file final_26.pdb (PDB, C-alpha atoms)
ATOM      1  CA  MET A  17     -11.429 -13.568 -20.366
ATOM      2  CA  SER A  18     -13.670 -12.835 -17.372
ATOM      3  CA  MET A  19     -12.735 -10.820 -14.325
ATOM      4  CA  ASP A  20     -12.403 -12.988 -11.240
ATOM      5  CA  VAL A  21     -14.878 -12.001  -8.514
ATOM      6  CA  ARG A  22     -12.153 -12.735  -5.981
ATOM      7  CA  HIS A  23     -10.087  -9.923  -7.494
ATOM      8  CA  ILE A  24     -12.993  -7.529  -7.060
ATOM      9  CA  ASN A  25     -13.560  -8.607  -3.478
ATOM     10  CA  ALA A  26      -9.856  -8.234  -2.800
ATOM     11  CA  PHE A  27      -9.987  -4.584  -3.877
ATOM     12  CA  LEU A  28     -13.140  -3.949  -1.860
ATOM     13  CA  GLU A  29     -11.594  -5.439   1.272
ATOM     14  CA  ALA A  30      -8.295  -3.640   0.795
ATOM     15  CA  THR A  31     -10.021  -0.286   0.300
ATOM     16  CA  LYS A  32     -12.179  -0.786   3.365
ATOM     17  CA  ALA A  33      -9.105  -1.669   5.453
ATOM     18  CA  VAL A  34      -7.183   1.409   4.292
ATOM     19  CA  PHE A  35     -10.082   3.743   4.960
ATOM     20  CA  SER A  36     -11.005   2.351   8.355
ATOM     21  CA  SER A  37      -7.464   2.189   9.750
ATOM     22  CA  MET A  38      -5.595   5.062   8.155
ATOM     23  CA  VAL A  39      -8.001   7.504   6.527
ATOM     24  CA  LYS A  40     -10.426   7.075   9.406
ATOM     25  CA  MET A  41     -13.451   7.476   7.180
ATOM     26  CA  PRO A  42     -16.153   4.912   6.424
ATOM     27  CA  VAL A  43     -16.429   3.910   2.774
ATOM     28  CA  THR A  44     -19.313   2.272   0.942
ATOM     29  CA  PHE A  45     -19.271   0.718  -2.489
ATOM     30  CA  GLU A  46     -21.577   0.917  -5.480
ATOM     31  CA  LYS A  47     -22.140  -2.133  -7.663
ATOM     32  CA  PRO A  48     -19.013  -2.865  -9.738
ATOM     33  CA  GLU A  49     -19.339  -2.045 -13.426
ATOM     34  CA  LEU A  50     -17.458  -2.994 -16.527
ATOM     35  CA  SER A  51     -14.798  -0.398 -17.106
ATOM     36  CA  SER A  52     -13.978   1.085 -20.457
ATOM     37  CA  ARG A  53     -11.395   3.361 -18.898
ATOM     38  CA  CYS A  54     -13.513   6.372 -19.820
ATOM     39  CA  GLY A  55     -13.610   7.748 -16.321
ATOM     40  CA  GLN A  56     -12.399  11.315 -15.920
ATOM     41  CA  TYR A  57     -10.566  12.387 -12.816
ATOM     42  CA  ASP A  58      -8.878  15.468 -11.430
ATOM     43  CA  VAL A  59      -6.376  13.412  -9.412
ATOM     44  CA  SER A  60      -5.424   9.783  -9.881
ATOM     45  CA  GLY A  61      -2.949   7.338  -8.423
ATOM     46  CA  VAL A  62      -1.908   4.689 -10.946
ATOM     47  CA  ILE A  63      -0.095   1.439 -10.131
ATOM     48  CA  GLY A  64       0.977  -1.344 -12.450
ATOM     49  CA  LEU A  65       0.503  -5.024 -11.687
ATOM     50  CA  SER A  66       2.897  -7.695 -12.946
ATOM     51  CA  GLY A  67       3.518 -11.387 -12.526
ATOM     52  CA  ASP A  68       0.571 -13.785 -12.658
ATOM     53  CA  VAL A  69      -1.800 -10.802 -12.952
ATOM     54  CA  VAL A  70      -0.787  -8.107 -15.424
ATOM     55  CA  GLY A  71      -2.621  -4.826 -15.582
ATOM     56  CA  SER A  72      -3.102  -1.582 -13.757
ATOM     57  CA  VAL A  73      -5.065  -0.014 -10.953
ATOM     58  CA  ILE A  74      -6.303   3.559 -10.975
ATOM     59  CA  VAL A  75      -7.591   5.231  -7.837
ATOM     60  CA  GLY A  76      -9.324   8.284  -9.273
ATOM     61  CA  PHE A  77     -10.670  11.318  -7.430
ATOM     62  CA  THR A  78     -12.298  14.671  -7.929
ATOM     63  CA  LYS A  79     -10.120  17.518  -6.664
ATOM     64  CA  MET A  80     -12.304  17.966  -3.598
ATOM     65  CA  SER A  81     -12.415  14.301  -2.604
ATOM     66  CA  ALA A  82      -8.672  13.960  -3.195
ATOM     67  CA  VAL A  83      -7.804  16.900  -0.961
ATOM     68  CA  GLN A  84     -10.098  15.800   1.854
ATOM     69  CA  ILE A  85      -9.139  12.134   1.740
ATOM     70  CA  ALA A  86      -5.410  12.787   1.418
ATOM     71  CA  SER A  87      -5.555  15.353   4.226
ATOM     72  CA  SER A  88      -7.421  12.943   6.504
ATOM     73  CA  PHE A  89      -4.837  10.259   5.744
ATOM     74  CA  ALA A  90      -1.893  12.559   6.379
ATOM     75  CA  GLY A  91      -3.431  14.100   9.482
ATOM     76  CA  CYS A  92      -2.945  17.630   8.188
ATOM     77  CA  ARG A  93      -4.293  19.857   5.424
ATOM     78  CA  LEU A  94      -2.648  19.076   2.085
ATOM     79  CA  GLU A  95      -2.864  21.276  -0.992
ATOM     80  CA  VAL A  96      -3.113  20.037  -4.559
ATOM     81  CA  GLY A  97       0.146  20.405  -6.449
ATOM     82  CA  THR A  98       2.413  19.954  -3.461
ATOM     83  CA  ALA A  99       4.848  17.066  -3.163
ATOM     84  CA  ASP A 100       3.206  15.968   0.095
ATOM     85  CA  PHE A 101      -0.188  15.767  -1.600
ATOM     86  CA  ALA A 102       1.140  13.606  -4.432
ATOM     87  CA  ASP A 103       2.968  11.440  -1.931
ATOM     88  CA  ALA A 104      -0.222  10.855   0.073
ATOM     89  CA  ILE A 105      -2.256   9.960  -3.013
ATOM     90  CA  GLY A 106       0.472   7.601  -4.201
ATOM     91  CA  GLU A 107       0.659   5.910  -0.833
ATOM     92  CA  LEU A 108      -3.120   5.428  -0.722
ATOM     93  CA  ALA A 109      -3.009   3.775  -4.144
ATOM     94  CA  ASN A 110      -0.036   1.690  -3.006
ATOM     95  CA  MET A 111      -1.851   0.371   0.058
ATOM     96  CA  ILE A 112      -5.063  -0.404  -1.846
ATOM     97  CA  ALA A 113      -3.237  -2.244  -4.626
ATOM     98  CA  GLY A 114      -0.836  -3.899  -2.202
ATOM     99  CA  GLY A 115      -3.598  -5.023   0.115
ATOM    100  CA  ALA A 116      -5.604  -6.431  -2.780
ATOM    101  CA  LYS A 117      -2.764  -8.330  -4.409
ATOM    102  CA  ALA A 118      -1.953 -10.004  -1.113
ATOM    103  CA  LYS A 119      -5.379 -11.634  -1.361
ATOM    104  CA  PHE A 120      -4.870 -13.071  -4.867
ATOM    105  CA  GLU A 121      -4.587 -16.658  -3.709
ATOM    106  CA  GLY A 122      -2.222 -18.840  -5.622
ATOM    107  CA  GLN A 123      -1.020 -15.936  -7.748
ATOM    108  CA  SER A 124       2.315 -14.235  -7.460
ATOM    109  CA  VAL A 125       1.829 -10.549  -8.193
ATOM    110  CA  SER A 126       4.097  -7.535  -7.880
ATOM    111  CA  ILE A 127       3.057  -3.915  -7.856
ATOM    112  CA  GLY A 128       5.103  -1.036  -9.189
ATOM    113  CA  CYS A 129       5.757   2.361  -7.692
ATOM    114  CA  PRO A 130       2.686   4.587  -7.944
ATOM    115  CA  SER A 131       2.374   7.461 -10.368
ATOM    116  CA  VAL A 132       0.164  10.400  -9.491
ATOM    117  CA  ILE A 133      -1.569  12.408 -12.201
ATOM    118  CA  ILE A 134      -2.987  15.828 -11.371
ATOM    119  CA  ALA A 135      -4.921  17.483 -14.191
ATOM    120  CA  PRO A 136      -8.595  18.467 -14.316
ATOM    121  CA  GLY A 137     -10.780  15.950 -16.128
ATOM    122  CA  HIS A 138      -7.983  13.680 -17.286
ATOM    123  CA  GLN A 139      -8.445  10.148 -18.520
ATOM    124  CA  VAL A 140      -6.150   7.159 -18.119
ATOM    125  CA  SER A 141      -6.304   4.589 -20.898
ATOM    126  CA  SER A 142      -5.330   0.929 -21.136
ATOM    127  CA  PRO A 143      -4.546  -1.490 -23.963
ATOM    128  CA  SER A 144      -7.718  -2.700 -25.692
ATOM    129  CA  SER A 145      -6.933  -6.256 -24.568
ATOM    130  CA  ALA A 146      -7.419  -5.265 -20.928
ATOM    131  CA  ALA A 147     -10.680  -6.277 -19.257
ATOM    132  CA  GLY A 148     -11.704  -3.824 -16.576
ATOM    133  CA  ILE A 149     -13.891  -3.354 -13.574
ATOM    134  CA  CYS A 150     -14.822  -0.010 -12.071
ATOM    135  CA  ILE A 151     -15.852   0.362  -8.430
ATOM    136  CA  HIS A 152     -17.288   3.706  -7.358
ATOM    137  CA  CYS A 153     -16.734   4.359  -3.670
ATOM    138  CA  ASN A 154     -18.540   6.840  -1.446
ATOM    139  CA  THR A 155     -17.213   8.601   1.625
ATOM    140  CA  ALA A 156     -18.072  11.679   3.660
ATOM    141  CA  ALA A 157     -15.367  13.427   1.633
ATOM    142  CA  GLY A 158     -17.004  12.558  -1.660
ATOM    143  CA  ARG A 159     -16.749   9.897  -4.290
ATOM    144  CA  PHE A 160     -13.711   8.190  -5.720
ATOM    145  CA  THR A 161     -13.248   5.320  -8.120
ATOM    146  CA  ILE A 162     -11.104   2.214  -8.229
ATOM    147  CA  ASP A 163     -10.597   1.108 -11.809
ATOM    148  CA  VAL A 164      -8.824  -2.212 -12.320
ATOM    149  CA  ALA A 165      -7.821  -3.389 -15.793
ATOM    150  CA  ILE A 166      -6.261  -6.794 -16.375
ATOM    151  CA  GLN A 167      -4.767  -7.825 -19.719
ATOM    152  CA  SER A 168      -6.112 -10.837 -21.526
ATOM    153  CA  SER A 169      -2.829 -12.731 -21.496
ATOM    154  CA  THR A 170      -2.972 -12.934 -17.727
ATOM    155  CA  LYS A 171      -3.279 -16.368 -16.109
ATOM    156  CA  VAL A 172      -6.537 -16.280 -14.135
ATOM    157  CA  GLN A 173      -7.527 -19.394 -12.239
ATOM    158  CA  ALA A 174     -11.188 -18.896 -11.387
ATOM    159  CA  ALA A 175     -14.691 -19.262 -12.749
ATOM    160  CA  PRO A 176     -16.386 -16.218 -14.333
ATOM    161  CA  ILE A 177     -18.248 -13.808 -12.111
ATOM    162  CA  THR A 178     -21.687 -14.891 -11.038
ATOM    163  CA  ALA A 179     -22.234 -12.495  -8.142
ATOM    164  CA  ALA A 180     -21.240  -8.867  -7.797
ATOM    165  CA  ALA A 181     -20.659  -6.893  -4.601
ATOM    166  CA  ASN A 182     -23.693  -5.957  -2.467
ATOM    167  CA  GLY A 183     -25.158  -9.407  -2.988
ATOM    168  CA  THR A 184     -26.795  -8.772  -6.364
ATOM    169  CA  LYS A 185     -26.285 -11.300  -9.104
ATOM    170  CA  SER A 186     -25.125 -10.167 -12.468
ATOM    171  CA  ALA A 187     -22.916 -11.633 -15.114
ATOM    172  CA  ILE A 188     -19.966  -9.413 -15.715
ATOM    173  CA  SER A 189     -17.615 -10.707 -18.307
ATOM    174  CA  ALA A 190     -15.453  -9.233 -20.986
ATOM    175  CA  ASN A 191     -14.472 -11.480 -23.801
ATOM    176  CA  ALA A 192     -11.047 -10.754 -25.139
ATOM    177  CA  ALA A 193      -8.879 -12.566 -27.577
ATOM    178  CA  ALA A 194      -6.413 -14.879 -25.868
TER     179      ALA A 194
ATOM    180  CA  MET B   8      14.642   5.192  22.460
ATOM    181  CA  ARG B   9      16.368   6.137  19.218
ATOM    182  CA  VAL B  10      14.433   5.139  16.110
ATOM    183  CA  LEU B  11      15.391   5.115  12.439
ATOM    184  CA  VAL B  12      12.334   5.344  10.157
ATOM    185  CA  VAL B  13      12.946   4.259   6.570
ATOM    186  CA  ASP B  14      10.219   4.816   3.962
ATOM    187  CA  ASP B  15      10.180   6.576   0.611
ATOM    188  CA  SER B  16       6.779   8.084   1.499
ATOM    189  CA  LYS B  17       7.025  11.190   3.641
ATOM    190  CA  THR B  18       3.355  10.730   4.560
ATOM    191  CA  MET B  19       4.068   7.278   5.965
ATOM    192  CA  ARG B  20       7.151   8.514   7.819
ATOM    193  CA  ASN B  21       5.035  11.226   9.449
ATOM    194  CA  ILE B  22       2.356   8.701  10.421
ATOM    195  CA  VAL B  23       4.953   6.364  11.917
ATOM    196  CA  LYS B  24       6.556   9.290  13.777
ATOM    197  CA  GLY B  25       3.157  10.053  15.276
ATOM    198  CA  VAL B  26       2.957   6.512  16.617
ATOM    199  CA  LEU B  27       6.539   6.646  17.883
ATOM    200  CA  ALA B  28       5.693   9.716  19.958
ATOM    201  CA  THR B  29       3.278   7.534  21.927
ATOM    202  CA  VAL B  30       5.764   4.744  22.659
ATOM    203  CA  GLY B  31       8.579   6.780  24.113
ATOM    204  CA  ALA B  32      10.834   7.547  21.172
ATOM    205  CA  THR B  33      13.361  10.198  22.220
ATOM    206  CA  ALA B  34      15.160  10.702  18.919
ATOM    207  CA  ILE B  35      13.944   9.925  15.395
ATOM    208  CA  GLU B  36      16.017   9.866  12.215
ATOM    209  CA  GLU B  37      14.428   9.529   8.791
ATOM    210  CA  ALA B  38      15.698   7.916   5.626
ATOM    211  CA  SER B  39      13.960   7.717   2.250
ATOM    212  CA  ASP B  40      15.479   4.447   1.027
ATOM    213  CA  GLY B  41      17.812   1.651   2.063
ATOM    214  CA  GLN B  42      20.938   3.361   0.817
ATOM    215  CA  ASP B  43      20.052   6.547   2.672
ATOM    216  CA  ALA B  44      19.444   4.449   5.796
ATOM    217  CA  LEU B  45      22.824   2.713   5.520
ATOM    218  CA  SER B  46      24.510   6.106   5.348
ATOM    219  CA  ARG B  47      22.864   7.156   8.629
ATOM    220  CA  VAL B  48      22.911   4.084  10.891
ATOM    221  CA  ASP B  49      26.514   4.261  12.045
ATOM    222  CA  ALA B  50      26.273   7.876  13.167
ATOM    223  CA  PHE B  51      22.727   7.699  14.551
ATOM    224  CA  LYS B  52      23.021   4.316  16.310
ATOM    225  CA  PRO B  53      19.302   3.474  16.464
ATOM    226  CA  ASP B  54      17.799   1.273  19.145
ATOM    227  CA  ILE B  55      15.256   0.071  16.601
ATOM    228  CA  ILE B  56      14.636   0.437  12.849
ATOM    229  CA  LEU B  57      11.225   0.690  11.167
ATOM    230  CA  LEU B  58      11.654  -0.140   7.527
ATOM    231  CA  ASP B  59       9.526  -0.184   4.381
ATOM    232  CA  TRP B  60      10.111  -2.906   1.772
ATOM    233  CA  ASN B  61       9.469  -1.373  -1.641
ATOM    234  CA  MET B  62      11.658   1.697  -2.043
ATOM    235  CA  PRO B  63      13.703   3.097  -4.912
ATOM    236  CA  VAL B  64      17.527   3.040  -4.943
ATOM    237  CA  MET B  65      17.741   0.244  -2.343
ATOM    238  CA  ASP B  66      14.757  -1.756  -1.082
ATOM    239  CA  GLY B  67      14.141  -2.859   2.475
ATOM    240  CA  ILE B  68      15.260  -6.453   2.085
ATOM    241  CA  THR B  69      18.563  -5.430   0.561
ATOM    242  CA  PHE B  70      19.092  -2.978   3.425
ATOM    243  CA  VAL B  71      18.412  -5.725   5.980
ATOM    244  CA  LYS B  72      20.830  -8.177   4.350
ATOM    245  CA  THR B  73      23.528  -5.530   4.104
ATOM    246  CA  TYR B  74      22.989  -4.176   7.611
ATOM    247  CA  ARG B  75      22.904  -7.601   9.241
ATOM    248  CA  VAL B  76      26.394  -8.431   8.017
ATOM    249  CA  LYS B  77      27.771  -6.088  10.692
ATOM    250  CA  ASN B  78      24.836  -5.647  13.076
ATOM    251  CA  LYS B  79      22.972  -8.721  14.200
ATOM    252  CA  THR B  80      21.247  -7.245  17.244
ATOM    253  CA  THR B  81      19.450  -3.967  16.534
ATOM    254  CA  PRO B  82      15.808  -4.946  16.097
ATOM    255  CA  ILE B  83      14.182  -4.270  12.726
ATOM    256  CA  ILE B  84      10.447  -4.054  12.062
ATOM    257  CA  MET B  85       9.362  -4.286   8.430
ATOM    258  CA  VAL B  86       6.380  -1.963   7.828
ATOM    259  CA  THR B  87       5.024  -2.829   4.390
ATOM    260  CA  THR B  88       2.099  -3.706   2.140
ATOM    261  CA  GLU B  89       3.777  -7.056   1.345
ATOM    262  CA  ALA B  90       1.525  -9.400   3.306
ATOM    263  CA  GLU B  91       2.006 -12.793   1.658
ATOM    264  CA  LYS B  92       3.414 -15.544   3.884
ATOM    265  CA  SER B  93       6.304 -16.059   1.485
ATOM    266  CA  ARG B  94       7.291 -12.418   1.831
ATOM    267  CA  VAL B  95       7.070 -12.499   5.618
ATOM    268  CA  MET B  96       9.295 -15.595   5.652
ATOM    269  CA  GLU B  97      11.752 -13.932   3.294
ATOM    270  CA  ALA B  98      11.974 -10.929   5.596
ATOM    271  CA  ILE B  99      12.451 -13.020   8.723
ATOM    272  CA  LEU B 100      15.122 -15.134   7.064
ATOM    273  CA  ALA B 101      16.900 -11.940   6.027
ATOM    274  CA  GLY B 102      16.998 -10.816   9.657
ATOM    275  CA  VAL B 103      13.828  -8.836  10.339
ATOM    276  CA  ASN B 104      12.535  -9.215  13.905
ATOM    277  CA  ASN B 105       8.906  -8.258  13.432
ATOM    278  CA  TYR B 106       6.446  -7.352  10.722
ATOM    279  CA  ALA B 107       3.668  -4.763  10.423
ATOM    280  CA  VAL B 108       1.367  -4.825   7.402
ATOM    281  CA  LYS B 109       0.075  -1.569   5.911
ATOM    282  CA  PRO B 110      -2.558  -0.363   6.480
ATOM    283  CA  PHE B 111      -2.249  -0.395  10.237
ATOM    284  CA  THR B 112      -3.909   1.352  13.135
ATOM    285  CA  PRO B 113      -1.693   3.427  15.452
ATOM    286  CA  GLU B 114      -2.580   1.016  18.245
ATOM    287  CA  SER B 115      -1.475  -2.076  16.337
ATOM    288  CA  LEU B 116       1.826  -0.545  15.275
ATOM    289  CA  SER B 117       2.606   0.725  18.758
ATOM    290  CA  LYS B 118       1.923  -2.774  20.132
ATOM    291  CA  ILE B 119       4.292  -4.320  17.596
ATOM    292  CA  ILE B 120       6.990  -1.773  18.475
ATOM    293  CA  GLU B 121       6.605  -2.344  22.219
ATOM    294  CA  THR B 122       6.667  -6.127  21.805
ATOM    295  CA  THR B 123       9.762  -5.981  19.647
ATOM    296  CA  ILE B 124      11.614  -3.724  22.062
ATOM    297  CA  ALA B 125      10.645  -5.907  25.014
ATOM    298  CA  LYS B 126      11.863  -9.063  23.255
ATOM    299  CA  ALA B 127      15.146  -7.410  22.346
ATOM    300  CA  ALA B 128      15.654  -6.236  25.916
ATOM    301  CA  ALA B 129      14.899  -9.698  27.298
ATOM    302  CA  LYS B 130      17.346 -11.273  24.859
ATOM    303  CA  LYS B 131      20.029  -8.785  25.850
ATOM    304  CA  ALA B 132      19.454  -9.473  29.549
ATOM    305  CA  ALA B 133      19.653 -13.254  29.095
TER     306      ALA B 133
END

call {"tool": "encode", "arguments": {"input": "final_26.pdb", "output": "structure tokens"}}
result
Amino acid sequence: MSMDVRHINAFLEATKAVFSSMVKMPVTFEKPELSSRCGQYDVSGVIGLSGDVVGSVIVGFTKMSAVQIASSFAGCRLEVGTADFADAIGELANMIAGGAKAKFEGQSVSIGCPSVIIAPGHQVSSPSSAAGICIHCNTAAGRFTIDVAIQSSTKVQAAPITAAANGTKSAISANAAA
Amino acid sequence: MRVLVVDDSKTMRNIVKGVLATVGATAIEEASDGQDALSRVDAFKPDIILLDWNMPVMDGITFVKTYRVKNKTTPIIMVTTEAEKSRVMEAILAGVNNYAVKPFTPESLSKIIETTIAKAAAKKAA
């Protein structure tokens, strides 16, 4: 199964919208990469996808980027380990995933309640049947990552990727057993 | 203007309260889910309700359907990430008066609140 470029663009657009309107911080994107879910984070918001697209979304941060981004979103200084901090991270993940899934044309998708993981250098894994894309994002507060993994049994109605973000062409596909 | 803000995220409630301060809210009550909101509406008597959709215990749509059985007039604005047309229609059919999609700018939300209040006032005057 190949990742649909429209899914990637949906996450890029949703992230940009969240950061421009509510975090009030410009965000730029690096070229999407295949994800093996090996990324290590200090803070991550994790949301499940269900329906026509089954998988999960991780929004992963370093401690520093998480504190600065969450604080900018909340409009006040938030400290790691507090309920308010976890709430802000969860809500950011919720809006990114929610904004993206609204753009999955012709697909009915639900998102679950976010989970927030706070532990230095942790990793979040997925089933081996999940094909993933990783988008590293840069802001004035540092770098964070959006890692989307979709399981192979998902119904995806689009041609394989032929163009990645930033206008460069590359074939990104992950073959998984049906 | 008395406003009930219903969202399971305290961060979002605080952001919405910030916007409400700019549109003349005089009293604000908070609830963290639909059930919590139902327990507060009768005593608080809001002039308007700002309501999230996806919440634990009782979601926004269930709150609207339950609330509208007895109260058909207090305006409700759904403030949610659910942006699909089908979801908007579902909310309107349930009795929501207006819809704000997250993420939003303070300016866009304040405009939606002002428009909703103005429409409700005009309907009441008619």

call {"tool": "closest_residue", "arguments": {"input": "final_26.pdb", "among": "B:Ile99, B:Leu57, B:Ala125, B:Met8", "to": "Val23 in chain B", "atoms": "only C-alpha atoms"}}
result
B:Leu57

call {"tool": "resolve_selection", "arguments": {"input": "final_26.pdb", "expression": "the ChimeraX specification (/B :<7) & /A", "output": "ChimeraX atom specification"}}
result
/A:33-34,37-38,90,100,103-104,107,111,114-115,118

call {"tool": "atom_distance", "arguments": {"input": "final_26.pdb", "atom1": "CA of Val164 in chain A", "atom2": "CA of Ser51 in chain A"}}
result
7.9 Å

call {"tool": "atom_distance", "arguments": {"input": "final_26.pdb", "atom1": "CA of Pro53 in chain B", "atom2": "CA of Ile35 in chain B"}}
result
8.5 Å

call {"tool": "residues_around", "arguments": {"input": "final_26.pdb", "residues": "Gly148 in chain A", "least_positions_apart": "5", "cutoff": "9 Å", "atoms": "all atoms listed in the file", "output": "ChimeraX atom specification"}}
result
/A:19,49-53,163-167,190

call {"tool": "decode", "arguments": {"input": "final_26.pdb", "residues": "range 117-152 of chain A", "atoms": "C-alpha atoms", "output": "PDB file, in the first residue's frame"}}
result
ATOM      1  CA  LYS A 117      -9.007  14.227   8.579  1.00  0.00           C
ATOM      2  CA  ALA A 118     -11.545  16.831   7.526  1.00  0.00           C
ATOM      3  CA  LYS A 119      -9.615  17.058   4.258  1.00  0.00           C
ATOM      4  CA  PHE A 120      -9.698  13.312   3.499  1.00  0.00           C
ATOM      5  CA  GLU A 121     -12.169  13.613   0.654  1.00  0.00           C
ATOM      6  CA  GLY A 122     -14.605  10.797   0.265  1.00  0.00           C
ATOM      7  CA  GLN A 123     -13.373   9.090   3.422  1.00  0.00           C
ATOM      8  CA  SER A 124     -15.206   8.937   6.695  1.00  0.00           C
ATOM      9  CA  VAL A 125     -12.653   9.107   9.490  1.00  0.00           C
ATOM     10  CA  SER A 126     -12.957   9.494  13.242  1.00  0.00           C
ATOM     11  CA  ILE A 127     -10.231  10.500  15.640  1.00  0.00           C
ATOM     12  CA  GLY A 128      -9.924   9.345  19.221  1.00  0.00           C
ATOM     13  CA  CYS A 129      -9.112  11.312  22.333  1.00  0.00           C
ATOM     14  CA  PRO A 130      -5.428  12.242  22.446  1.00  0.00           C
ATOM     15  CA  SER A 131      -2.921  10.598  24.736  1.00  0.00           C
ATOM     16  CA  VAL A 132       0.111  12.548  25.877  1.00  0.00           C
ATOM     17  CA  ILE A 133       3.375  10.786  26.663  1.00  0.00           C
ATOM     18  CA  ILE A 134       6.046  12.605  28.651  1.00  0.00           C
ATOM     19  CA  ALA A 135       9.318  10.712  29.036  1.00  0.00           C
ATOM     20  CA  PRO A 136      12.785  11.649  27.780  1.00  0.00           C
ATOM     21  CA  GLY A 137      13.747   9.920  24.542  1.00  0.00           C
ATOM     22  CA  HIS A 138      10.689   7.704  24.294  1.00  0.00           C
ATOM     23  CA  GLN A 139       9.573   5.915  21.169  1.00  0.00           C
ATOM     24  CA  VAL A 140       6.055   5.150  19.983  1.00  0.00           C
ATOM     25  CA  SER A 141       5.676   2.018  17.886  1.00  0.00           C
ATOM     26  CA  SER A 142       3.049   0.816  15.427  1.00  0.00           C
ATOM     27  CA  PRO A 143       2.021  -2.549  13.986  1.00  0.00           C
ATOM     28  CA  SER A 144       4.427  -3.702  11.266  1.00  0.00           C
ATOM     29  CA  SER A 145       1.585  -3.544   8.733  1.00  0.00           C
ATOM     30  CA  ALA A 146       1.374   0.232   9.132  1.00  0.00           C
ATOM     31  CA  ALA A 147       2.909   2.372   6.391  1.00  0.00           C
ATOM     32  CA  GLY A 148       4.190   5.662   7.731  1.00  0.00           C
ATOM     33  CA  ILE A 149       5.248   9.122   6.766  1.00  0.00           C
ATOM     34  CA  CYS A 150       7.287  11.451   8.939  1.00  0.00           C
ATOM     35  CA  ILE A 151       7.179  15.229   8.522  1.00  0.00           C
ATOM     36  CA  HIS A 152       9.751  17.266  10.427  1.00  0.00           C
TER      37      HIS A 152
END
